[in-house]
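Undergrad: What follows is entry_29.cif; its format and atoms are mmCIF, C-alpha atoms and all ligand atoms.
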data_upload
#
loop_
_atom_site.label_atom_id
_atom_site.label_comp_id
_atom_site.auth_asym_id
_atom_site.auth_seq_id
_atom_site.Cartn_x
_atom_site.Cartn_y
_atom_site.Cartn_z
CA ARG A 691 32.59 81.78 13.58
CA ALA A 692 28.97 80.78 13.36
CA LYS A 693 28.19 83.70 15.60
CA GLY A 694 30.06 86.09 13.33
CA ASP A 695 28.23 84.75 10.28
CA GLY A 696 24.91 85.30 11.94
CA ARG A 697 25.80 88.84 12.80
CA ASN A 698 26.89 89.55 9.25
CA ARG A 699 23.74 88.11 7.85
CA LEU A 700 21.74 90.22 10.26
CA ARG A 701 23.63 93.32 9.18
CA LEU A 702 23.09 92.45 5.52
CA TYR A 703 19.39 92.03 6.11
CA ASP A 704 19.31 95.24 8.09
CA THR A 705 21.00 97.13 5.29
CA ALA A 706 18.62 95.79 2.65
CA LEU A 707 15.61 96.62 4.79
CA HIS A 708 17.00 100.05 5.51
CA GLN A 709 17.65 100.62 1.81
CA GLN A 710 14.07 99.63 1.05
CA LEU A 711 12.73 102.02 3.68
CA LEU A 712 14.77 104.90 2.28
CA GLU A 713 13.62 104.10 -1.23
CA ASP A 714 9.98 103.91 -0.14
CA ARG A 715 10.29 107.24 1.60
CA ALA A 716 11.86 108.85 -1.48
CA ILE A 717 9.04 107.46 -3.61
CA GLU A 718 6.46 108.76 -1.15
CA GLN A 719 7.97 112.24 -1.29
CA ALA A 720 8.18 112.19 -5.08
CA LEU A 721 4.56 111.06 -5.25
CA ARG A 722 3.56 113.91 -2.97
CA ARG A 723 5.30 116.32 -5.37
CA ALA A 724 3.59 114.68 -8.34
CA LEU A 725 0.20 115.46 -6.82
CA THR A 726 1.03 119.18 -7.09
CA ASN A 727 3.39 119.30 -10.06
CA GLY A 728 1.89 116.67 -12.36
CA GLY A 729 3.23 113.41 -13.71
CA LEU A 730 0.14 111.32 -13.00
CA ARG A 731 -2.07 110.17 -15.84
CA LEU A 732 -4.59 107.49 -16.70
CA VAL A 733 -4.35 104.89 -19.44
CA TYR A 734 -7.38 103.01 -20.73
CA GLN A 735 -7.59 99.28 -21.36
CA PRO A 736 -10.51 98.32 -23.63
CA GLN A 737 -12.79 95.36 -22.92
CA PHE A 738 -14.47 93.47 -25.74
CA ALA A 739 -17.54 91.26 -26.04
CA ALA A 740 -16.48 87.61 -25.83
CA SER A 741 -19.07 86.76 -28.47
CA ASP A 742 -17.64 89.39 -30.84
CA PRO A 743 -14.12 90.48 -29.86
CA THR A 744 -14.23 93.42 -32.28
CA ARG A 745 -17.00 95.06 -30.26
CA LEU A 746 -15.83 97.52 -27.58
CA VAL A 747 -18.12 97.10 -24.54
CA GLY A 748 -16.16 98.51 -21.61
CA VAL A 749 -12.87 99.98 -20.49
CA GLU A 750 -10.74 100.12 -17.34
CA ALA A 751 -8.86 103.26 -16.32
CA LEU A 752 -5.40 102.48 -14.89
CA LEU A 753 -3.11 104.92 -13.13
CA ARG A 754 0.39 105.70 -14.41
CA TRP A 755 3.09 107.81 -12.87
CA GLN A 756 6.28 109.14 -14.40
CA ASP A 757 8.59 111.18 -12.19
CA PRO A 758 11.13 113.23 -14.17
CA GLU A 759 14.01 111.94 -12.04
CA LEU A 760 13.04 108.40 -11.06
CA GLU A 761 12.71 105.40 -13.30
CA THR A 762 9.19 104.23 -14.01
CA ILE A 763 7.55 102.77 -10.92
CA SER A 764 4.78 100.21 -11.29
CA PRO A 765 1.31 101.06 -9.99
CA GLU A 766 1.50 98.07 -7.66
CA ARG A 767 4.59 99.54 -6.02
CA PHE A 768 3.55 103.19 -5.72
CA ILE A 769 -0.04 102.41 -4.80
CA SER A 770 1.05 100.15 -1.96
CA ILE A 771 3.37 102.92 -0.73
CA ALA A 772 0.51 105.41 -0.95
CA GLU A 773 -1.73 102.99 0.93
CA ARG A 774 0.71 102.87 3.83
CA SER A 775 0.66 106.66 4.16
CA ASP A 776 -2.11 109.23 3.99
CA LEU A 777 -1.45 109.74 0.28
CA ILE A 778 -3.91 107.16 -0.99
CA THR A 779 -6.95 109.35 -0.29
CA GLU A 780 -5.61 112.23 -2.33
CA LEU A 781 -4.39 109.89 -5.04
CA GLY A 782 -7.89 108.44 -5.28
CA TRP A 783 -9.43 111.88 -5.72
CA ARG A 784 -6.85 112.65 -8.39
CA VAL A 785 -7.80 109.50 -10.27
CA GLN A 786 -11.44 110.56 -10.18
CA ALA A 787 -10.60 114.07 -11.40
CA LEU A 788 -8.38 112.80 -14.24
CA LEU A 789 -11.05 110.31 -15.25
CA CYS A 790 -13.88 112.84 -15.25
CA THR A 791 -11.72 115.32 -17.20
CA ASP A 792 -10.94 112.78 -19.95
CA LEU A 793 -14.51 111.54 -20.06
CA GLN A 794 -15.90 115.05 -20.29
CA GLN A 795 -13.66 115.77 -23.30
CA TRP A 796 -14.81 112.64 -25.12
CA LEU A 797 -18.46 113.37 -24.42
CA THR A 798 -18.09 116.99 -25.51
CA ALA A 799 -16.55 115.75 -28.78
CA GLY A 800 -19.70 113.72 -29.41
CA LEU A 801 -18.02 110.37 -28.80
CA GLU A 802 -19.82 107.48 -27.12
CA PRO A 803 -17.51 105.90 -24.57
CA PRO A 804 -18.72 102.72 -22.86
CA VAL A 805 -19.05 102.63 -19.07
CA ILE A 806 -15.58 103.29 -17.63
CA SER A 807 -14.35 101.28 -14.65
CA PHE A 808 -11.82 102.63 -12.20
CA ASN A 809 -10.05 101.04 -9.24
CA VAL A 810 -10.70 102.05 -5.68
CA SER A 811 -8.31 101.25 -2.87
CA PRO A 812 -9.68 99.25 0.09
CA LYS A 813 -8.91 102.20 2.36
CA ALA A 814 -10.92 104.68 0.33
CA PHE A 815 -14.34 103.47 1.48
CA ARG A 816 -13.41 103.65 5.14
CA ASP A 817 -13.58 107.40 5.65
CA GLY A 818 -17.26 107.51 4.75
CA GLN A 819 -16.62 110.38 2.30
CA PHE A 820 -16.03 108.45 -0.86
CA SER A 821 -19.43 108.56 -2.53
CA SER A 822 -20.17 112.21 -1.73
CA GLN A 823 -16.70 113.27 -2.90
CA LEU A 824 -17.12 111.32 -6.12
CA GLU A 825 -20.53 112.84 -6.75
CA GLU A 826 -19.06 116.29 -6.36
CA ILE A 827 -16.22 115.66 -8.82
CA MET A 828 -18.70 114.12 -11.27
CA SER A 829 -21.06 117.06 -11.12
CA GLN A 830 -18.16 119.50 -11.63
CA HIS A 831 -17.49 117.75 -14.92
CA GLY A 832 -21.06 117.01 -15.94
CA ILE A 833 -20.60 113.24 -15.63
CA LEU A 834 -23.63 111.04 -14.99
CA PRO A 835 -23.39 108.06 -12.61
CA GLY A 836 -24.39 105.62 -15.37
CA GLN A 837 -21.08 106.36 -17.09
CA LEU A 838 -18.90 104.97 -14.31
CA GLN A 839 -18.23 101.70 -12.57
CA VAL A 840 -16.18 101.21 -9.40
CA GLU A 841 -13.87 98.19 -9.07
CA PHE A 842 -12.90 97.07 -5.59
CA THR A 843 -11.38 93.90 -4.19
CA GLU A 844 -12.89 91.65 -1.57
CA SER A 845 -10.28 92.78 0.97
CA THR A 846 -12.14 96.10 0.99
CA LEU A 847 -14.90 94.36 2.93
CA ALA A 848 -12.76 92.65 5.55
CA GLY A 849 -13.35 93.93 9.04
CA HIS A 850 -14.87 97.32 8.28
CA SER A 851 -18.35 96.27 7.39
CA ASP A 852 -20.81 99.00 8.31
CA LEU A 853 -19.09 102.09 6.94
CA VAL A 854 -17.96 100.25 3.86
CA LEU A 855 -21.34 98.65 3.17
CA ASP A 856 -22.98 102.07 3.56
CA GLU A 857 -20.66 103.59 0.98
CA ILE A 858 -21.30 100.72 -1.39
CA ASP A 859 -25.06 101.09 -1.00
CA LYS A 860 -24.83 104.83 -1.62
CA LEU A 861 -22.83 104.30 -4.81
CA HIS A 862 -25.34 101.75 -6.02
CA ALA A 863 -28.28 103.99 -5.15
CA SER A 864 -26.72 106.83 -7.15
CA GLY A 865 -26.52 104.62 -10.25
CA ILE A 866 -22.80 103.78 -10.27
CA GLU A 867 -22.09 100.15 -11.08
CA LEU A 868 -20.00 97.95 -8.81
CA SER A 869 -17.49 95.31 -9.81
CA ILE A 870 -15.46 92.90 -7.70
CA ASP A 871 -11.88 92.91 -8.93
CA ASP A 872 -9.49 89.94 -8.73
CA PHE A 873 -12.40 87.75 -7.64
CA GLY A 874 -11.33 84.67 -5.72
CA THR A 875 -7.85 85.89 -4.78
CA GLY A 876 -8.57 87.81 -1.57
CA TYR A 877 -10.49 87.15 1.60
CA SER A 878 -13.28 85.63 -0.43
CA CYS A 879 -16.58 85.19 1.17
CA LEU A 880 -19.46 84.04 -0.94
CA ILE A 881 -22.01 85.87 1.16
CA ASN A 882 -20.72 89.02 -0.54
CA LEU A 883 -22.45 87.88 -3.70
CA LYS A 884 -25.70 87.77 -1.79
CA ARG A 885 -25.50 90.95 0.22
CA LEU A 886 -23.82 93.40 -2.18
CA PRO A 887 -25.57 95.18 -5.08
CA LEU A 888 -22.99 94.04 -7.64
CA ALA A 889 -23.07 94.32 -11.42
CA GLU A 890 -19.90 92.42 -12.30
CA LEU A 891 -17.23 89.90 -11.28
CA LYS A 892 -13.73 90.02 -12.69
CA ILE A 893 -11.88 86.74 -13.04
CA ASP A 894 -8.31 87.37 -11.97
CA LYS A 895 -5.41 86.97 -14.37
CA SER A 896 -3.87 84.33 -12.11
CA PHE A 897 -6.76 81.98 -13.00
CA VAL A 898 -7.04 83.10 -16.62
CA ASP A 899 -3.38 82.17 -17.09
CA GLY A 900 -4.15 78.44 -16.72
CA LEU A 901 -7.26 78.21 -18.91
CA GLY A 902 -6.90 75.35 -21.39
CA GLU A 903 -4.01 73.91 -19.37
CA ASN A 904 -4.63 73.77 -15.65
CA GLU A 905 -7.74 71.98 -14.41
CA HIS A 906 -7.75 73.80 -11.07
CA ASP A 907 -7.71 77.23 -12.70
CA GLU A 908 -10.46 76.00 -15.00
CA ALA A 909 -12.50 74.76 -12.04
CA ILE A 910 -12.26 78.15 -10.33
CA ALA A 911 -13.15 80.00 -13.52
CA ARG A 912 -16.06 77.66 -14.19
CA ALA A 913 -17.38 78.06 -10.63
CA THR A 914 -17.08 81.85 -10.88
CA LEU A 915 -18.95 81.93 -14.19
CA TYR A 916 -21.62 79.64 -12.81
CA MET A 917 -22.20 81.76 -9.69
CA ALA A 918 -22.17 84.98 -11.68
CA GLU A 919 -24.87 83.61 -13.91
CA ALA A 920 -26.96 82.47 -10.94
CA PHE A 921 -26.69 85.93 -9.38
CA GLY A 922 -27.28 87.76 -12.66
CA LEU A 923 -23.82 89.30 -12.76
CA ARG A 924 -21.70 90.18 -15.75
CA THR A 925 -18.27 88.53 -16.01
CA VAL A 926 -14.99 89.96 -17.25
CA ALA A 927 -11.82 87.93 -17.69
CA GLU A 928 -8.68 90.00 -17.15
CA GLY A 929 -5.18 89.32 -18.44
CA VAL A 930 -6.29 87.30 -21.48
CA GLU A 931 -3.11 86.78 -23.49
CA THR A 932 -3.69 83.76 -25.72
CA GLN A 933 -6.14 82.51 -28.30
CA GLN A 934 -6.53 79.37 -26.22
CA GLN A 935 -7.69 81.33 -23.17
CA LEU A 936 -10.10 83.34 -25.32
CA ALA A 937 -11.58 80.19 -26.84
CA TRP A 938 -12.06 78.63 -23.39
CA LEU A 939 -13.78 81.76 -22.07
CA GLN A 940 -16.06 81.94 -25.12
CA ALA A 941 -16.99 78.28 -24.75
CA HIS A 942 -17.82 78.76 -21.06
CA GLY A 943 -19.98 81.86 -21.39
CA CYS A 944 -17.76 84.64 -20.07
CA ASP A 945 -19.20 88.01 -21.14
CA ARG A 946 -16.19 90.25 -21.60
CA ILE A 947 -12.51 89.94 -22.43
CA GLN A 948 -9.74 92.25 -21.24
CA GLY A 949 -6.11 91.52 -21.99
CA PHE A 950 -3.04 92.03 -24.11
CA LEU A 951 -4.35 89.57 -26.73
CA LEU A 952 -6.96 92.13 -27.76
CA ALA A 953 -5.57 95.43 -26.46
CA ARG A 954 -3.00 96.82 -24.06
CA PRO A 955 -3.81 99.82 -21.87
CA LEU A 956 -3.91 102.81 -24.26
CA GLU A 957 -2.88 106.42 -23.82
CA ALA A 958 -5.95 108.68 -23.60
CA ASP A 959 -5.43 109.99 -27.16
CA ASP A 960 -5.19 106.48 -28.58
CA PHE A 961 -8.31 105.40 -26.74
CA ARG A 962 -10.04 108.48 -28.10
CA SER A 963 -9.09 107.37 -31.64
CA MET A 964 -10.56 103.97 -30.89
CA LEU A 965 -13.82 105.67 -29.84
CA GLN A 966 -13.80 107.67 -33.07
CA ARG A 967 -13.34 104.53 -35.17
CA ALA A 968 -16.05 102.73 -33.19
CA LYS A 969 -18.42 105.60 -33.87
CA ARG A 970 -17.72 105.67 -37.61
CA THR A 971 -18.31 101.93 -38.01
CA SER A 972 -21.46 101.75 -35.87
P1 LIG A 1001 -6.04 95.43 -11.68
O1 LIG A 1001 -7.11 96.39 -11.30
O2 LIG A 1001 -6.34 93.98 -11.51
O3 LIG A 1001 -5.67 95.79 -13.17
C1 LIG A 1001 -5.33 94.86 -14.14
C2 LIG A 1001 -3.83 94.86 -14.35
O4 LIG A 1001 -3.52 93.81 -15.27
C3 LIG A 1001 -3.28 96.14 -14.98
O5 LIG A 1001 -1.98 96.32 -14.46
C4 LIG A 1001 -3.21 95.78 -16.46
O6 LIG A 1001 -2.28 96.55 -17.18
C5 LIG A 1001 -2.77 94.35 -16.35
N1 LIG A 1001 -3.12 93.55 -17.53
C6 LIG A 1001 -4.24 93.58 -18.28
N2 LIG A 1001 -4.21 92.67 -19.27
C7 LIG A 1001 -3.02 92.04 -19.15
C8 LIG A 1001 -2.41 90.97 -19.88
O7 LIG A 1001 -2.94 90.42 -20.84
N3 LIG A 1001 -1.19 90.56 -19.46
C9 LIG A 1001 -0.56 91.13 -18.39
N4 LIG A 1001 0.64 90.66 -18.04
N5 LIG A 1001 -1.11 92.13 -17.66
C10 LIG A 1001 -2.33 92.57 -18.05
P2 LIG A 1001 -1.47 97.72 -13.91
O8 LIG A 1001 -1.99 98.83 -14.75
O9 LIG A 1001 0.00 97.58 -13.71
O10 LIG A 1001 -2.18 97.83 -12.52
C11 LIG A 1001 -1.88 96.95 -11.49
C12 LIG A 1001 -2.80 97.13 -10.31
O11 LIG A 1001 -2.62 98.41 -9.71
C13 LIG A 1001 -4.27 97.09 -10.70
O12 LIG A 1001 -4.69 95.75 -10.84
C14 LIG A 1001 -4.90 97.80 -9.54
O13 LIG A 1001 -5.05 96.93 -8.43
C15 LIG A 1001 -3.85 98.84 -9.20
N6 LIG A 1001 -4.26 100.13 -9.81
C16 LIG A 1001 -4.07 100.59 -11.06
N7 LIG A 1001 -4.61 101.82 -11.21
C17 LIG A 1001 -5.17 102.14 -10.02
C18 LIG A 1001 -5.89 103.28 -9.51
O14 LIG A 1001 -6.18 104.26 -10.23
N8 LIG A 1001 -6.28 103.25 -8.19
C19 LIG A 1001 -6.01 102.17 -7.39
N9 LIG A 1001 -6.43 102.23 -6.10
N10 LIG A 1001 -5.37 101.08 -7.84
C20 LIG A 1001 -4.95 101.05 -9.13
MG MG A 1002 -9.05 96.60 -11.74
MG MG A 1003 -8.18 93.08 -11.73
MG MG A 1004 -5.58 91.58 -11.12
#
Could you express the structure from this file as structure tokens?

TA:
Amino acid sequence: RAKGDGRNRLRLYDTALHQQLLEDRAIEQALRRALTNGGLRLVYQPQFAASDPTRLVGVEALLRWQDPELETISPERFISIAERSDLITELGWRVQALLCTDLQQWLTAGLEPPVISFNVSPKAFRDGQFSSQLEEIMSQHGILPGQLQVEFTESTLAGHSDLVLDEIDKLHASGIELSIDDFGTGYSCLINLKRLPLAELKIDKSFVDGLGENEHDEAIARATLYMAEAFGLRTVAEGVETQQQLAWLQAHGCDRIQGFLLARPLEADDFRSMLQRAKRTS
């Protein structure tokens, strides 16, 4: 009996795993189609000055995908599927092209967007082509390096040092700013603060969540803010949802606030309207 149970459980597990594999493969194929037929777009989440949360000081571009036949799939899900195949490289280029296209339109319209951050997958730096490819896309759209910032996580640095560090140095040399995303959640290594030409640290939402309530989250946030100050880096808190978190971050000297409390990620047209309003009131 016990034996039979075990076998059934194994079969159940097998079926679930198999189902997952089939689903992943279907998503991968649909994503491949989206790269030719469309369905990928960027949304833009504003960042505000902690000292004056009405002042727009930055923005993060975030990828969205809607397939006509599938239900909406979260970026976490489809990006991790893309990362397991060869798709992530092409997806990364697409993000850059979409970003430069939007940015070019805003600049042509006389708007004054802040520096725009975009996310780069850990794999992207490893082929040694990233910075030259980005420069080419930027020049096609007349975008200057000072208008962009690259966000990457610490896992990007694990185990692939030379190629990756070269790419990072090249980006920095070209004038693109560098930000460490989800700081403190990955394979953290404080020497990164010393050896990388960084402009910014982002405090992960998982720590922001506990501000004003959880002393361990507060200790991590405080330590991050302290180190950032010592190294001359800007700080951004992501996933700020409550007034209490905002007040804590203001009291502890965080520079920038990103989160649903102040703004959700906006469709390109809505972000454009925000830029227009910002221009009229400045
Ligand atoms: P991330 O770079 O850490 O982006 C922040 C995520 O937090 C975004 O989720 C954003 O919508 C969400 N967020 C911001 N404020 C709040 C808040 O107050 N409350 C809550 N609950 N969430 C908030 P999103 O857009 O789903 O992206 C998830 C992750 O997917 C990103 O995390 C990033 O790692 C990845 N990603 C998104 N776009 C791209 C891309 O173009 N390329 C790559 N390689 N990765 C991307
Ligand atoms: Mg990010
Ligand atoms: Mg983040
Ligand atoms: Mg995060």

Undergrad: In Å, how far is it from atom CA of A:Gln830 to atom CA of A:Leu793?

TA: 12.2 Å

Undergrad: Which protein, DNA or RNA residues have an atom within 6 Å of ligand LIG 1001 (chain A), counting all atoms listed in the file, as an MDAnalysis selection string?

TA: chainID A and resid 752:753 764:766 785 809:811 872 928:931 948:950 955

Undergrad: Find the spatial neighbours of A:Ser821, counting only C-alpha atoms, within a cut-off of 8 Å - ignore same-chain residues fewer than 5 positions away - and output them as a list in words.

TA: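 Within the cut-off, the hits are Glu857, Lys860 and Leu861 of chain A.
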
Undergrad: Which one is closest to ligand MG 1004 (chain A): A:Leu732, A:Ile827, A:Leu853, A:Ile870? Count all atoms listed in the file.

TA: A:Ile870

Undergrad: Please compute the atom CA of A:Gly728-atom CA of A:Ile771 distance, one decimal, in Å.

TA: 18.1 Å

Undergrad: Quick one: pull the distance between atom CA of A:Leu781 and atom CA of A:Phe842, Å, one decimal.

TA: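 Separation of atom CA of A:Leu781 and atom CA of A:Phe842: 15.4 Å.
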
Undergrad: All residues within 12 Å of ligand MG 1003 (chain A) are required, counting all atoms listed in the file; please report them as number ranges by chain.

TA: A: 735, 750-752, 766, 807-810, 840-844, 869-876, 890-898, 925-930, 947-949

Undergrad: So that I can check the surroundings of A:Leu923, please list as a PyMOL selection string every protein, DNA and RNA residue that reaches within 6 Å of it, counting all atoms listed in the file and ignoring chain neighbours fewer than 3 positions away.

TA: chain A and resi 889-890+918-919

Undergrad: Choose the residue, out of A:His708, A:Val749, A:Asn727, A:Ala716, that has the smallest atom-to-atom separation from ligand MG 1002 (chain A); count only C-alpha atoms and all ligand atoms.

TA: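 Among the listed residues, the smallest separation from ligand MG 1002 (chain A) belongs to A:Val749.
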
Undergrad: Can you pull out every residue within 12 Å of A:Asp742, counting only C-alpha atoms, but drop anything in the same chain fewer than 3 positions away, and send it as a list in words?

TA: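 The neighbour list is Gln737, Phe738, Ala739, Arg745, Leu746, Val747, Leu936, Ala937, Gln940, Cys944, Asp945, Arg946, Ile947 and Leu952 of chain A.
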
Undergrad: Go ahead and dump the residues you just picked, C-alpha atoms, as an mmCIF file, keeping the file's coordinate frame.

TA:
data_model
loop_
_atom_site.group_PDB
_atom_site.id
_atom_site.type_symbol
_atom_site.label_atom_id
_atom_site.label_comp_id
_atom_site.auth_asym_id
_atom_site.auth_seq_id
_atom_site.Cartn_x
_atom_site.Cartn_y
_atom_site.Cartn_z
ATOM 1 C CA GLN A 737 -12.790 95.360 -22.920
ATOM 2 C CA PHE A 738 -14.470 93.470 -25.740
ATOM 3 C CA ALA A 739 -17.540 91.260 -26.040
ATOM 4 C CA ARG A 745 -17.000 95.060 -30.260
ATOM 5 C CA LEU A 746 -15.830 97.520 -27.580
ATOM 6 C CA VAL A 747 -18.120 97.100 -24.540
ATOM 7 C CA LEU A 936 -10.100 83.340 -25.320
ATOM 8 C CA ALA A 937 -11.580 80.190 -26.840
ATOM 9 C CA GLN A 940 -16.060 81.940 -25.120
ATOM 10 C CA CYS A 944 -17.760 84.640 -20.070
ATOM 11 C CA ASP A 945 -19.200 88.010 -21.140
ATOM 12 C CA ARG A 946 -16.190 90.250 -21.600
ATOM 13 C CA ILE A 947 -12.510 89.940 -22.430
ATOM 14 C CA LEU A 952 -6.960 92.130 -27.760
#

Undergrad: Skip A:Arg723 itself and residues of its chain fewer than 6 positions away, then list as an MDAnalysis selection string all residues within 10 Å of it, counting all atoms listed in the file.

TA: chainID A and resid 717 729 757

Undergrad: Within 12 Å of A:Lys813, counting all atoms listed in the file, which residues qualify if same-chain residues fewer than 2 places away don't, as a ChimeraX atom specification?

TA: /A:769-770,772-782,809-811,815-820,842-850,853-854,857

Undergrad: Which residue out of A:Thr705, A:Ala911, A:Gln823, A:Leu868 has the minimum interatomic distance to ligand MG 1002 (chain A) when only C-alpha atoms and all ligand atoms are used?

TA: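 Residue with the minimum atom-to-atom distance to ligand MG 1002 (chain A): A:Leu868.
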
Undergrad: Here is a test: counting all atoms listed in the file, which residue of A:Ala953, A:Leu888, A:Leu901, A:Ala941 is nearest to A:Leu855?

TA: A:Leu888

Undergrad: Nearest residue to ligand MG 1002 (chain A) out of A:Ile806, A:Leu725, A:Ala706, A:Ile763, using all atoms listed in the file?

TA: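 Closest to ligand MG 1002 (chain A) of all the choices is A:Ile806.
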
Undergrad: For a quick check of understanding, using all atoms listed in the file, which of A:Leu824, A:Ala787, A:Leu886, A:Leu730 has the smallest distance to A:Ile858?

TA: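 Ranking A:Leu824, A:Ala787, A:Leu886, A:Leu730 by distance to A:Ile858, first place goes to A:Leu886.
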
Undergrad: With N, CA and C atoms as the target, complete stretch 834-851 of chain A and hand it back as a short mmCIF file (atom, residue, chain, number, x, y, z; two decimals), in the coordinates of the input.

TA:
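result37.cif, freshly written:
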data_model
loop_
_atom_site.label_atom_id
_atom_site.label_comp_id
_atom_site.auth_asym_id
_atom_site.auth_seq_id
_atom_site.Cartn_x
_atom_site.Cartn_y
_atom_site.Cartn_z
N LEU A 834 -22.50 111.74 -15.60
CA LEU A 834 -23.63 111.04 -14.99
C LEU A 834 -23.16 109.71 -14.39
N PRO A 835 -23.81 109.29 -13.30
CA PRO A 835 -23.39 108.06 -12.61
C PRO A 835 -23.39 106.83 -13.52
N GLY A 836 -24.32 106.77 -14.47
CA GLY A 836 -24.39 105.62 -15.37
C GLY A 836 -23.17 105.45 -16.25
N GLN A 837 -22.28 106.43 -16.24
CA GLN A 837 -21.08 106.36 -17.09
C GLN A 837 -19.89 105.72 -16.38
N LEU A 838 -20.04 105.47 -15.07
CA LEU A 838 -18.90 104.97 -14.31
C LEU A 838 -19.20 103.67 -13.57
N GLN A 839 -18.16 102.89 -13.40
CA GLN A 839 -18.23 101.70 -12.57
C GLN A 839 -17.01 101.67 -11.65
N VAL A 840 -17.25 101.30 -10.39
CA VAL A 840 -16.18 101.21 -9.40
C VAL A 840 -15.74 99.76 -9.25
N GLU A 841 -14.42 99.53 -9.34
CA GLU A 841 -13.87 98.19 -9.07
C GLU A 841 -13.23 98.18 -7.69
N PHE A 842 -13.59 97.22 -6.89
CA PHE A 842 -12.90 97.07 -5.59
C PHE A 842 -12.66 95.60 -5.33
N THR A 843 -11.69 95.30 -4.47
CA THR A 843 -11.38 93.90 -4.19
C THR A 843 -12.12 93.47 -2.93
N GLU A 844 -12.17 92.17 -2.73
CA GLU A 844 -12.89 91.65 -1.57
C GLU A 844 -12.24 92.07 -0.25
N SER A 845 -10.94 92.36 -0.28
CA SER A 845 -10.28 92.78 0.97
C SER A 845 -10.85 94.10 1.48
N THR A 846 -11.47 94.87 0.58
CA THR A 846 -12.14 96.10 0.99
C THR A 846 -13.18 95.83 2.08
N LEU A 847 -13.77 94.65 2.04
CA LEU A 847 -14.90 94.36 2.93
C LEU A 847 -14.45 93.80 4.27
N ALA A 848 -13.21 93.34 4.34
CA ALA A 848 -12.76 92.65 5.55
C ALA A 848 -12.69 93.58 6.75
N GLY A 849 -13.49 93.27 7.75
CA GLY A 849 -13.35 93.93 9.04
C GLY A 849 -13.92 95.33 9.19
N HIS A 850 -14.41 95.93 8.14
CA HIS A 850 -14.87 97.32 8.28
C HIS A 850 -16.31 97.43 7.78
N SER A 851 -17.12 96.47 8.15
CA SER A 851 -18.35 96.27 7.39
C SER A 851 -19.30 97.46 7.30
#
